[in-house]
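Heads up, model03.txt below (compact mmCIF, C-alpha atoms):
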```txt
# COMPACT_ATOMS: atom_id res chain seq x y z
CA MET A 1373 173.53 70.47 -136.97
CA LYS A 1374 175.18 73.84 -136.48
CA ILE A 1375 173.29 77.03 -137.43
CA ALA A 1376 175.02 80.40 -137.22
CA THR A 1377 174.40 84.09 -137.63
CA TYR A 1378 177.04 86.65 -138.50
CA ASN A 1379 176.72 90.35 -139.24
CA VAL A 1380 179.72 90.59 -141.58
CA ASN A 1381 179.65 94.40 -141.93
CA GLY A 1382 180.62 94.32 -145.61
CA ILE A 1383 180.94 90.87 -147.16
CA ASN A 1384 183.46 91.67 -149.88
CA GLY A 1385 185.75 93.71 -147.64
CA ARG A 1386 185.74 90.93 -145.05
CA LEU A 1387 185.48 87.90 -147.31
CA ALA A 1388 188.81 86.49 -146.13
CA VAL A 1389 187.61 86.62 -142.53
CA LEU A 1390 184.31 84.96 -143.43
CA LEU A 1391 185.98 82.19 -145.42
CA ARG A 1392 188.49 81.53 -142.64
CA TRP A 1393 185.71 81.28 -140.08
CA LEU A 1394 183.61 78.99 -142.30
CA LYS A 1395 186.59 76.67 -142.74
CA GLU A 1396 187.29 76.56 -139.00
CA ALA A 1397 183.73 76.51 -137.59
CA LYS A 1398 182.09 74.38 -140.33
CA PRO A 1399 178.48 75.53 -139.74
CA ASP A 1400 175.75 73.79 -141.74
CA ILE A 1401 173.67 76.98 -142.16
CA VAL A 1402 174.71 80.61 -141.82
CA CYS A 1403 172.59 83.77 -141.81
CA LEU A 1404 174.54 86.87 -142.85
CA GLN A 1405 173.62 90.52 -142.38
CA GLU A 1406 174.98 93.86 -143.60
CA LEU A 1407 176.32 92.53 -146.88
CA LYS A 1408 176.70 96.11 -148.13
CA CYS A 1409 176.88 95.02 -151.75
CA PRO A 1410 174.48 94.91 -154.71
CA ASP A 1411 173.21 91.52 -155.86
CA LYS A 1412 175.60 91.31 -158.81
CA LEU A 1413 178.67 91.67 -156.55
CA PHE A 1414 177.71 88.99 -154.05
CA PRO A 1415 180.63 86.49 -153.88
CA GLN A 1416 178.57 83.41 -154.81
CA ASP A 1417 181.41 81.58 -156.56
CA ALA A 1418 183.87 81.98 -153.66
CA LEU A 1419 181.28 80.68 -151.21
CA LEU A 1420 180.35 77.75 -153.43
CA LYS A 1421 184.03 76.85 -153.70
CA ALA A 1422 184.10 76.86 -149.88
CA GLY A 1423 181.20 74.40 -149.87
CA TYR A 1424 178.20 76.70 -149.39
CA HIS A 1425 175.15 77.29 -151.54
CA SER A 1426 173.58 80.70 -151.03
CA ILE A 1427 170.57 82.92 -151.50
CA TRP A 1428 170.90 86.66 -151.00
CA HIS A 1429 169.14 89.99 -151.10
CA GLY A 1430 171.68 92.75 -151.59
CA GLN A 1431 171.72 96.53 -151.68
CA LYS A 1432 174.46 98.94 -152.69
CA SER A 1433 176.44 100.26 -149.67
CA TRP A 1434 173.80 99.37 -147.07
CA ASN A 1435 171.90 96.50 -145.47
CA GLY A 1436 171.76 93.16 -147.29
CA VAL A 1437 171.00 89.65 -146.00
CA ALA A 1438 171.93 86.14 -147.12
CA ILE A 1439 171.54 82.50 -146.14
CA LEU A 1440 174.33 79.99 -146.75
CA ALA A 1441 173.99 76.23 -146.43
CA LYS A 1442 175.86 73.07 -147.31
CA GLU A 1443 172.76 71.95 -149.21
CA GLU A 1444 170.80 73.87 -151.84
CA ILE A 1445 168.31 76.36 -150.41
CA LYS A 1446 164.86 77.08 -151.80
CA GLU A 1447 164.10 80.78 -151.43
CA THR A 1448 160.56 81.30 -150.10
CA ARG A 1449 160.44 85.05 -149.48
CA ARG A 1450 162.33 88.32 -149.56
CA ASN A 1451 161.11 91.42 -147.72
CA LEU A 1452 158.12 91.65 -145.40
CA ASP A 1453 154.56 92.56 -146.30
CA GLY A 1454 153.01 95.81 -145.15
CA ASP A 1455 155.06 98.56 -146.81
CA PRO A 1456 155.48 98.38 -150.62
CA ALA A 1457 157.59 101.55 -150.51
CA ASP A 1458 160.26 99.97 -148.29
CA VAL A 1459 163.26 99.21 -150.52
CA HIS A 1460 165.67 98.18 -147.74
CA SER A 1461 167.03 94.65 -148.13
CA ARG A 1462 166.50 93.40 -144.59
CA TYR A 1463 164.74 90.03 -144.82
CA ILE A 1464 165.20 86.82 -146.76
CA GLU A 1465 163.67 83.42 -146.08
CA GLY A 1466 164.52 79.96 -147.29
CA PHE A 1467 163.71 76.28 -146.87
CA VAL A 1468 166.63 73.94 -146.25
CA TYR A 1469 167.19 70.72 -144.26
CA GLY A 1470 163.42 70.56 -143.73
CA MET A 1471 163.41 73.89 -141.87
CA VAL A 1472 162.20 77.42 -142.62
CA ILE A 1473 165.02 79.89 -141.98
CA GLY A 1474 164.21 83.60 -141.79
CA CYS A 1475 167.30 85.82 -141.88
CA LEU A 1476 166.77 89.40 -140.78
CA TYR A 1477 168.56 92.68 -140.21
CA LEU A 1478 166.28 94.85 -138.11
CA PRO A 1479 166.69 98.65 -138.38
CA ASN A 1480 169.03 100.29 -135.87
CA GLY A 1481 166.66 103.18 -135.14
CA ASN A 1482 169.20 105.84 -134.18
CA PRO A 1483 169.10 108.76 -133.80
CA ALA A 1484 166.01 108.43 -131.66
CA PRO A 1485 163.39 109.66 -131.32
CA GLY A 1486 162.86 110.50 -134.97
CA PRO A 1487 162.03 109.01 -138.39
CA LYS A 1488 164.63 106.23 -138.12
CA PHE A 1489 163.17 105.04 -134.83
CA ASP A 1490 159.64 105.23 -136.25
CA TYR A 1491 160.83 103.04 -139.14
CA LYS A 1492 162.36 100.55 -136.68
CA LEU A 1493 159.06 100.15 -134.83
CA SER A 1494 157.00 99.92 -138.02
CA TRP A 1495 159.38 97.24 -139.37
CA PHE A 1496 159.07 95.37 -136.08
CA LYS A 1497 155.27 95.42 -136.43
CA ARG A 1498 155.57 93.92 -139.90
CA LEU A 1499 157.88 91.25 -138.49
CA HIS A 1500 155.32 90.48 -135.76
CA GLN A 1501 152.65 89.89 -138.40
CA HIS A 1502 154.87 87.59 -140.43
CA ALA A 1503 156.04 85.77 -137.30
CA LYS A 1504 152.40 85.02 -136.41
CA LYS A 1505 151.89 83.52 -139.85
CA LEU A 1506 155.01 81.37 -139.51
CA LEU A 1507 153.77 80.00 -136.19
CA SER A 1508 150.67 78.65 -137.94
CA PHE A 1509 152.84 76.30 -140.02
CA ASN A 1510 153.53 72.86 -138.59
CA LEU A 1511 157.19 73.13 -139.59
CA PRO A 1512 160.47 73.84 -137.79
CA VAL A 1513 161.04 77.60 -138.09
CA LEU A 1514 163.90 79.83 -136.96
CA LEU A 1515 164.04 83.64 -137.15
CA ILE A 1516 167.72 84.51 -137.01
CA GLY A 1517 169.85 87.61 -137.27
CA ASP A 1518 170.83 91.03 -136.03
CA TYR A 1519 167.74 92.33 -134.22
CA ASN A 1520 169.44 95.56 -133.13
CA VAL A 1521 167.77 95.14 -129.73
CA ILE A 1522 169.36 94.78 -126.30
CA PRO A 1523 166.56 92.70 -124.72
CA THR A 1524 167.48 93.13 -121.03
CA GLU A 1525 170.04 94.76 -118.75
CA LEU A 1526 171.88 91.43 -118.72
CA ASP A 1527 172.61 91.93 -122.42
CA THR A 1528 174.78 95.02 -122.06
CA TYR A 1529 177.95 95.69 -120.09
CA LYS A 1530 176.63 99.08 -118.93
CA PRO A 1531 172.82 99.52 -119.07
CA GLU A 1532 172.89 103.16 -117.97
CA LYS A 1533 174.99 104.08 -121.02
CA TYR A 1534 172.26 102.91 -123.41
CA ILE A 1535 169.21 104.59 -121.91
CA THR A 1536 169.15 107.13 -124.77
CA ASN A 1537 169.96 104.55 -127.47
CA ALA A 1538 167.25 103.09 -129.73
CA LEU A 1539 168.71 99.62 -129.19
CA PHE A 1540 167.65 99.81 -125.54
CA PHE A 1541 164.57 102.04 -125.69
CA PRO A 1542 161.57 100.57 -123.83
CA GLU A 1543 159.63 100.41 -127.10
CA SER A 1544 162.36 98.31 -128.75
CA ARG A 1545 162.60 95.93 -125.83
CA LEU A 1546 158.82 95.64 -125.62
CA ALA A 1547 158.60 94.80 -129.32
CA TYR A 1548 161.17 92.03 -128.80
CA GLN A 1549 159.27 90.70 -125.76
CA LYS A 1550 156.13 90.69 -127.87
CA MET A 1551 157.85 88.27 -130.23
CA LEU A 1552 158.50 85.93 -127.31
CA LYS A 1553 154.91 86.22 -126.12
CA LEU A 1554 153.73 85.17 -129.57
CA GLY A 1555 155.39 81.82 -128.92
CA TRP A 1556 159.02 82.23 -129.98
CA THR A 1557 161.93 81.25 -127.73
CA ASP A 1558 165.23 83.13 -127.45
CA ALA A 1559 167.63 80.19 -127.84
CA ILE A 1560 170.61 81.74 -126.07
CA ARG A 1561 168.58 82.86 -123.05
CA TYR A 1562 166.79 79.51 -122.95
CA LEU A 1563 170.14 77.75 -122.50
CA HIS A 1564 171.93 80.50 -120.54
CA PRO A 1565 169.27 82.37 -118.53
CA ASN A 1566 171.65 84.25 -116.22
CA GLU A 1567 174.91 84.54 -118.12
CA ARG A 1568 176.32 87.75 -119.60
CA ILE A 1569 176.81 86.93 -123.28
CA TYR A 1570 177.83 89.53 -125.87
CA THR A 1571 177.77 89.30 -129.66
CA PHE A 1572 178.86 92.83 -130.59
CA TYR A 1573 181.86 94.96 -129.63
CA ASP A 1574 182.20 98.55 -130.87
CA TYR A 1575 185.39 99.53 -132.66
CA LEU A 1576 185.80 102.48 -130.28
CA ARG A 1577 187.45 102.65 -126.83
CA ASN A 1578 188.90 99.13 -126.97
CA ALA A 1579 185.46 97.63 -126.37
CA TYR A 1580 186.57 94.14 -127.37
CA GLY A 1581 189.64 94.23 -125.15
CA ARG A 1582 187.54 95.43 -122.20
CA ASP A 1583 184.75 92.91 -122.88
CA ALA A 1584 182.40 95.91 -123.12
CA GLY A 1585 179.83 94.29 -125.37
CA LEU A 1586 176.17 93.98 -126.27
CA ARG A 1587 173.95 91.04 -127.22
CA LEU A 1588 172.23 92.07 -130.46
CA ASP A 1589 172.23 88.85 -132.52
CA HIS A 1590 169.44 86.45 -131.65
CA PHE A 1591 167.93 83.08 -132.58
CA LEU A 1592 164.16 82.83 -132.13
CA LEU A 1593 162.84 79.26 -132.40
CA ASN A 1594 159.30 77.96 -132.67
CA ASP A 1595 158.06 75.11 -130.49
CA VAL A 1596 158.53 72.54 -133.26
CA ILE A 1597 162.31 73.01 -133.39
CA LEU A 1598 162.96 73.94 -129.76
CA PRO A 1599 163.26 70.35 -128.42
CA ARG A 1600 166.22 69.83 -130.76
CA LEU A 1601 168.23 72.72 -129.25
CA VAL A 1602 171.30 71.46 -127.38
CA SER A 1603 173.92 74.24 -127.25
CA ALA A 1604 174.77 77.83 -128.14
CA LYS A 1605 178.06 79.69 -128.39
CA VAL A 1606 179.65 82.97 -129.48
CA ASP A 1607 182.89 82.68 -131.45
CA LYS A 1608 184.25 85.72 -129.64
CA GLU A 1609 187.84 85.25 -130.78
CA VAL A 1610 186.85 86.06 -134.39
CA ARG A 1611 186.15 89.63 -133.30
CA GLY A 1612 189.86 89.93 -132.53
CA TRP A 1613 190.98 88.86 -136.01
CA GLU A 1614 192.46 91.49 -138.32
CA LYS A 1615 189.83 93.40 -140.36
CA SER A 1616 187.00 91.60 -138.56
CA SER A 1617 183.42 92.80 -138.25
CA ASP A 1618 182.30 94.50 -135.03
CA HIS A 1619 179.92 91.54 -134.55
CA CYS A 1620 180.97 88.03 -133.58
CA PRO A 1621 179.70 84.89 -135.28
CA VAL A 1622 177.11 83.20 -133.04
CA TRP A 1623 175.78 79.67 -133.41
CA ILE A 1624 173.41 77.13 -131.98
CA GLU A 1625 173.53 73.36 -132.28
CA LEU A 1626 170.54 71.13 -132.94
CA THR A 1627 170.19 67.38 -132.68
CA ALA A 1628 169.50 65.59 -135.96
```
Represent the structure from my file as structure tokens, please.
Amino acid sequence: MKIATYNVNGINGRLAVLLRWLKEAKPDIVCLQELKCPDKLFPQDALLKAGYHSIWHGQKSWNGVAILAKEEIKETRRNLDGDPADVHSRYIEGFVYGMVIGCLYLPNGNPAPGPKFDYKLSWFKRLHQHAKKLLSFNLPVLLIGDYNVIPTELDTYKPEKYITNALFFPESRLAYQKMLKLGWTDAIRYLHPNERIYTFYDYLRNAYGRDAGLRLDHFLLNDVILPRLVSAKVDKEVRGWEKSSDHCPVWIELTA
């Protein structure tokens, strides 16, 4: 089974790229972030024609998350508890193939310090609380998506450049490490502990051509599903396609 994550950076503007990649990669489940479209404009019919059922949580111009699967998905949650005033569409959760899939788009936090960084940390705290609850279930659970965190120096081509960036602030990295200490496993690092792997390339300064990337898109697995993990890969070449997102599709493979 192949499970992917892809920050599409505008699903309707990049639908052709998404459909091409789905046809070539054939993932069983896909978590999407940054839909940047309201619910009524989500391209459900085009995705169903391509063989994918979907659940989504959209928002005009910003944010937005979705889960696609070759089987029907039962939606179990949208949004996180802890802040009724938060209207950002950043989390959706579903049950499919006997697994709980949480798809998330964590706040960027820049400029930092400031209100946007405070929101990032408060959202992370809410995620921690929900992640604890998910660990109490005796079910396979995966928390997948764009975490907007560079976990370690190995996850950026130039650590010194990101010292003043919220993606790499000590507080952001500590919050991510706290997730791991709760009992979650970073699938890519579990399989590739010492390899430089990037999932994002800025549009500026020929970042993709220079391989000047960041690892921002992560798969966190609970102990129930971890023994089934066999491989992980970044479809880096998709970043070079015309009108592609600045993120690459990333996927892991599980045994049946």
* Structure fact -> In terms of only C-alpha atoms, the residue from A:Trp1428, A:Trp1556, A:Tyr1575, A:Phe1489 at minimal distance from Pro1415 (chain A) is A:Trp1428
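Between Pro1512 (chain A) and the residues A:Val1596, A:Ala1438, A:Ala1628, A:Ala1579, the shortest atom-to-atom distance, using all atoms listed in the file, involves A:Val1596.
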* **Long-range neighbours of Lys1446 (chain A) as a count of residues only, 9 Å cut-off, only C-alpha atoms, 4 positions minimum in chain** => 5
* Asked: Counting all atoms listed in the file, what is within 8 Å of Asn1451 (chain A), bar same-chain residues fewer than 5 positions away, as an MDAnalysis selection string?
  -> chainID A and resid 1461:1464
* Asked: Counting all atoms listed in the file, what is within 12 Å of Ile1375 (chain A), bar same-chain residues fewer than 3 positions away, as a PyMOL selection string?
  -> chain A and resi 1378+1394+1397-1404+1439-1442+1468-1469+1471+1473+1475+1514-1517+1559+1590-1591+1593+1601-1606+1621-1627
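Among A:Pro1542, A:Pro1487, A:Gly1585, A:Pro1599, the residue with the shortest atom-to-atom distance to Tyr1562 (chain A), counting all atoms listed in the file, is A:Pro1599.
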* Atomic separation - CA of Leu1390 (chain A) relative to CA of Gly1470 (chain A), Å -> 25.4 Å
* Asked: Which of these, A:Gly1581, A:Pro1485, A:Gly1423, A:Pro1565, has the shortest distance to Glu1609 (chain A) once you count all atoms listed in the file?
  -> A:Gly1581
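Reported to one decimal place, the separation of CA of Leu1598 (chain A) from CA of Ser1544 (chain A) is 24.4 Å.
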* Which residue, A:Val1459, A:Ala1376, A:Val1610, A:Leu1546, has the smallest gap to Phe1496 (chain A) when you use only C-alpha atoms? -> A:Leu1546
* Name the residues, using the chain letters and numbers of the file, that sit within 12 Å of (174.9, 84.0, -153.9) when counting only C-alpha atoms, and give them as JSON, numbers by chain. => {"A": [1383, 1404, 1407, 1409, 1410, 1411, 1412, 1413, 1414, 1415, 1416, 1417, 1418, 1419, 1420, 1421, 1424, 1425, 1426, 1427, 1428, 1429, 1430, 1436, 1437, 1438, 1439, 1440, 1441, 1444, 1445, 1447]}
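Excluding Val1521 (chain A) and any residue on its chain fewer than 3 positions from it, the residues at most 7 Å away by only C-alpha atoms are Leu1539, Phe1540, Ser1544, Arg1545 and Leu1588 of chain A.
Among the candidates A:Trp1613, A:Phe1509, A:Phe1572, A:Phe1541, the one nearest to Asp1595 (chain A) when counting all atoms listed in the file is A:Phe1509.
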Start from the incomplete input, build all heavy atoms for region 1558-1569 of chain A, and deliver everything as an mmCIF file, in the coordinates of the input.
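Saved file rebuild-v2.cif follows:
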```cif
data_model
loop_
_atom_site.group_PDB
_atom_site.id
_atom_site.type_symbol
_atom_site.label_atom_id
_atom_site.label_comp_id
_atom_site.auth_asym_id
_atom_site.auth_seq_id
_atom_site.Cartn_x
_atom_site.Cartn_y
_atom_site.Cartn_z
ATOM 1 N N ASP A 1558 163.872 82.621 -127.284
ATOM 2 C CA ASP A 1558 165.230 83.130 -127.450
ATOM 3 C C ASP A 1558 166.187 82.004 -127.061
ATOM 4 O O ASP A 1558 166.345 81.679 -125.887
ATOM 5 C CB ASP A 1558 165.403 84.353 -126.543
ATOM 6 C CG ASP A 1558 166.771 85.006 -126.615
ATOM 7 O OD1 ASP A 1558 167.762 84.300 -126.883
ATOM 8 O OD2 ASP A 1558 166.856 86.225 -126.382
ATOM 9 N N ALA A 1559 166.838 81.400 -128.074
ATOM 10 C CA ALA A 1559 167.630 80.190 -127.840
ATOM 11 C C ALA A 1559 168.769 80.403 -126.849
ATOM 12 O O ALA A 1559 169.014 79.552 -125.980
ATOM 13 C CB ALA A 1559 168.188 79.682 -129.174
ATOM 14 N N ILE A 1560 169.464 81.510 -126.963
ATOM 15 C CA ILE A 1560 170.610 81.740 -126.070
ATOM 16 C C ILE A 1560 170.141 81.906 -124.629
ATOM 17 O O ILE A 1560 170.717 81.328 -123.705
ATOM 18 C CB ILE A 1560 171.424 82.962 -126.550
ATOM 19 C CG1 ILE A 1560 172.146 82.611 -127.864
ATOM 20 C CG2 ILE A 1560 172.435 83.392 -125.483
ATOM 21 C CD1 ILE A 1560 172.930 83.748 -128.465
ATOM 22 N N ARG A 1561 169.084 82.676 -124.417
ATOM 23 C CA ARG A 1561 168.580 82.860 -123.050
ATOM 24 C C ARG A 1561 167.942 81.586 -122.507
ATOM 25 O O ARG A 1561 167.960 81.335 -121.306
ATOM 26 C CB ARG A 1561 167.585 84.022 -123.008
ATOM 27 C CG ARG A 1561 168.252 85.361 -122.886
ATOM 28 C CD ARG A 1561 168.872 85.563 -121.495
ATOM 29 N NE ARG A 1561 169.909 86.587 -121.534
ATOM 30 C CZ ARG A 1561 171.195 86.380 -121.371
ATOM 31 N NH1 ARG A 1561 171.656 85.171 -121.154
ATOM 32 N NH2 ARG A 1561 172.052 87.379 -121.413
ATOM 33 N N TYR A 1562 167.383 80.782 -123.378
ATOM 34 C CA TYR A 1562 166.790 79.510 -122.950
ATOM 35 C C TYR A 1562 167.863 78.600 -122.352
ATOM 36 O O TYR A 1562 167.648 77.941 -121.338
ATOM 37 C CB TYR A 1562 166.136 78.841 -124.166
ATOM 38 C CG TYR A 1562 165.469 77.521 -123.893
ATOM 39 C CD1 TYR A 1562 164.192 77.465 -123.321
ATOM 40 C CD2 TYR A 1562 166.092 76.321 -124.235
ATOM 41 C CE1 TYR A 1562 163.561 76.247 -123.093
ATOM 42 C CE2 TYR A 1562 165.469 75.101 -124.012
ATOM 43 C CZ TYR A 1562 164.202 75.068 -123.435
ATOM 44 O OH TYR A 1562 163.581 73.858 -123.207
ATOM 45 N N LEU A 1563 169.042 78.598 -122.975
ATOM 46 C CA LEU A 1563 170.140 77.750 -122.500
ATOM 47 C C LEU A 1563 170.991 78.418 -121.432
ATOM 48 O O LEU A 1563 171.593 77.737 -120.595
ATOM 49 C CB LEU A 1563 171.035 77.356 -123.682
ATOM 50 C CG LEU A 1563 170.412 76.444 -124.737
ATOM 51 C CD1 LEU A 1563 171.349 76.303 -125.927
ATOM 52 C CD2 LEU A 1563 170.075 75.076 -124.156
ATOM 53 N N HIS A 1564 171.071 79.742 -121.464
ATOM 54 C CA HIS A 1564 171.930 80.500 -120.540
ATOM 55 C C HIS A 1564 171.130 81.653 -119.925
ATOM 56 O O HIS A 1564 171.351 82.823 -120.262
ATOM 57 C CB HIS A 1564 173.157 81.044 -121.278
ATOM 58 C CG HIS A 1564 173.950 79.993 -121.988
ATOM 59 N ND1 HIS A 1564 174.844 79.170 -121.329
ATOM 60 C CD2 HIS A 1564 173.978 79.609 -123.295
ATOM 61 C CE1 HIS A 1564 175.401 78.337 -122.200
ATOM 62 N NE2 HIS A 1564 174.882 78.578 -123.397
ATOM 63 N N PRO A 1565 170.206 81.343 -119.034
ATOM 64 C CA PRO A 1565 169.270 82.370 -118.530
ATOM 65 C C PRO A 1565 169.920 83.484 -117.726
ATOM 66 O O PRO A 1565 169.361 84.583 -117.664
ATOM 67 C CB PRO A 1565 168.294 81.556 -117.667
ATOM 68 C CG PRO A 1565 169.015 80.301 -117.319
ATOM 69 C CD PRO A 1565 169.898 80.004 -118.480
ATOM 70 N N ASN A 1566 171.072 83.239 -117.116
ATOM 71 C CA ASN A 1566 171.650 84.250 -116.220
ATOM 72 C C ASN A 1566 173.068 84.666 -116.576
ATOM 73 O O ASN A 1566 173.716 85.371 -115.813
ATOM 74 C CB ASN A 1566 171.650 83.707 -114.777
ATOM 75 C CG ASN A 1566 170.261 83.330 -114.303
ATOM 76 O OD1 ASN A 1566 169.339 84.145 -114.376
ATOM 77 N ND2 ASN A 1566 170.085 82.099 -113.845
ATOM 78 N N GLU A 1567 173.517 84.282 -117.745
ATOM 79 C CA GLU A 1567 174.910 84.540 -118.120
ATOM 80 C C GLU A 1567 175.027 85.787 -119.010
ATOM 81 O O GLU A 1567 174.200 85.998 -119.897
ATOM 82 C CB GLU A 1567 175.470 83.331 -118.886
ATOM 83 C CG GLU A 1567 176.952 83.411 -119.168
ATOM 84 C CD GLU A 1567 177.464 82.144 -119.841
ATOM 85 O OE1 GLU A 1567 176.760 81.110 -119.790
ATOM 86 O OE2 GLU A 1567 178.559 82.199 -120.414
ATOM 87 N N ARG A 1568 176.042 86.595 -118.736
ATOM 88 C CA ARG A 1568 176.320 87.750 -119.600
ATOM 89 C C ARG A 1568 176.997 87.240 -120.870
ATOM 90 O O ARG A 1568 178.100 86.735 -120.824
ATOM 91 C CB ARG A 1568 177.198 88.774 -118.894
ATOM 92 C CG ARG A 1568 176.458 89.519 -117.802
ATOM 93 C CD ARG A 1568 177.178 90.798 -117.386
ATOM 94 N NE ARG A 1568 176.372 91.536 -116.423
ATOM 95 C CZ ARG A 1568 175.397 92.382 -116.746
ATOM 96 N NH1 ARG A 1568 175.124 92.596 -118.018
ATOM 97 N NH2 ARG A 1568 174.704 93.005 -115.815
ATOM 98 N N ILE A 1569 176.307 87.392 -121.988
ATOM 99 C CA ILE A 1569 176.810 86.930 -123.280
ATOM 100 C C ILE A 1569 176.703 88.096 -124.261
ATOM 101 O O ILE A 1569 175.630 88.686 -124.418
ATOM 102 C CB ILE A 1569 175.991 85.728 -123.793
ATOM 103 C CG1 ILE A 1569 176.179 84.534 -122.851
ATOM 104 C CG2 ILE A 1569 176.384 85.367 -125.220
ATOM 105 C CD1 ILE A 1569 175.285 83.355 -123.175
#
```
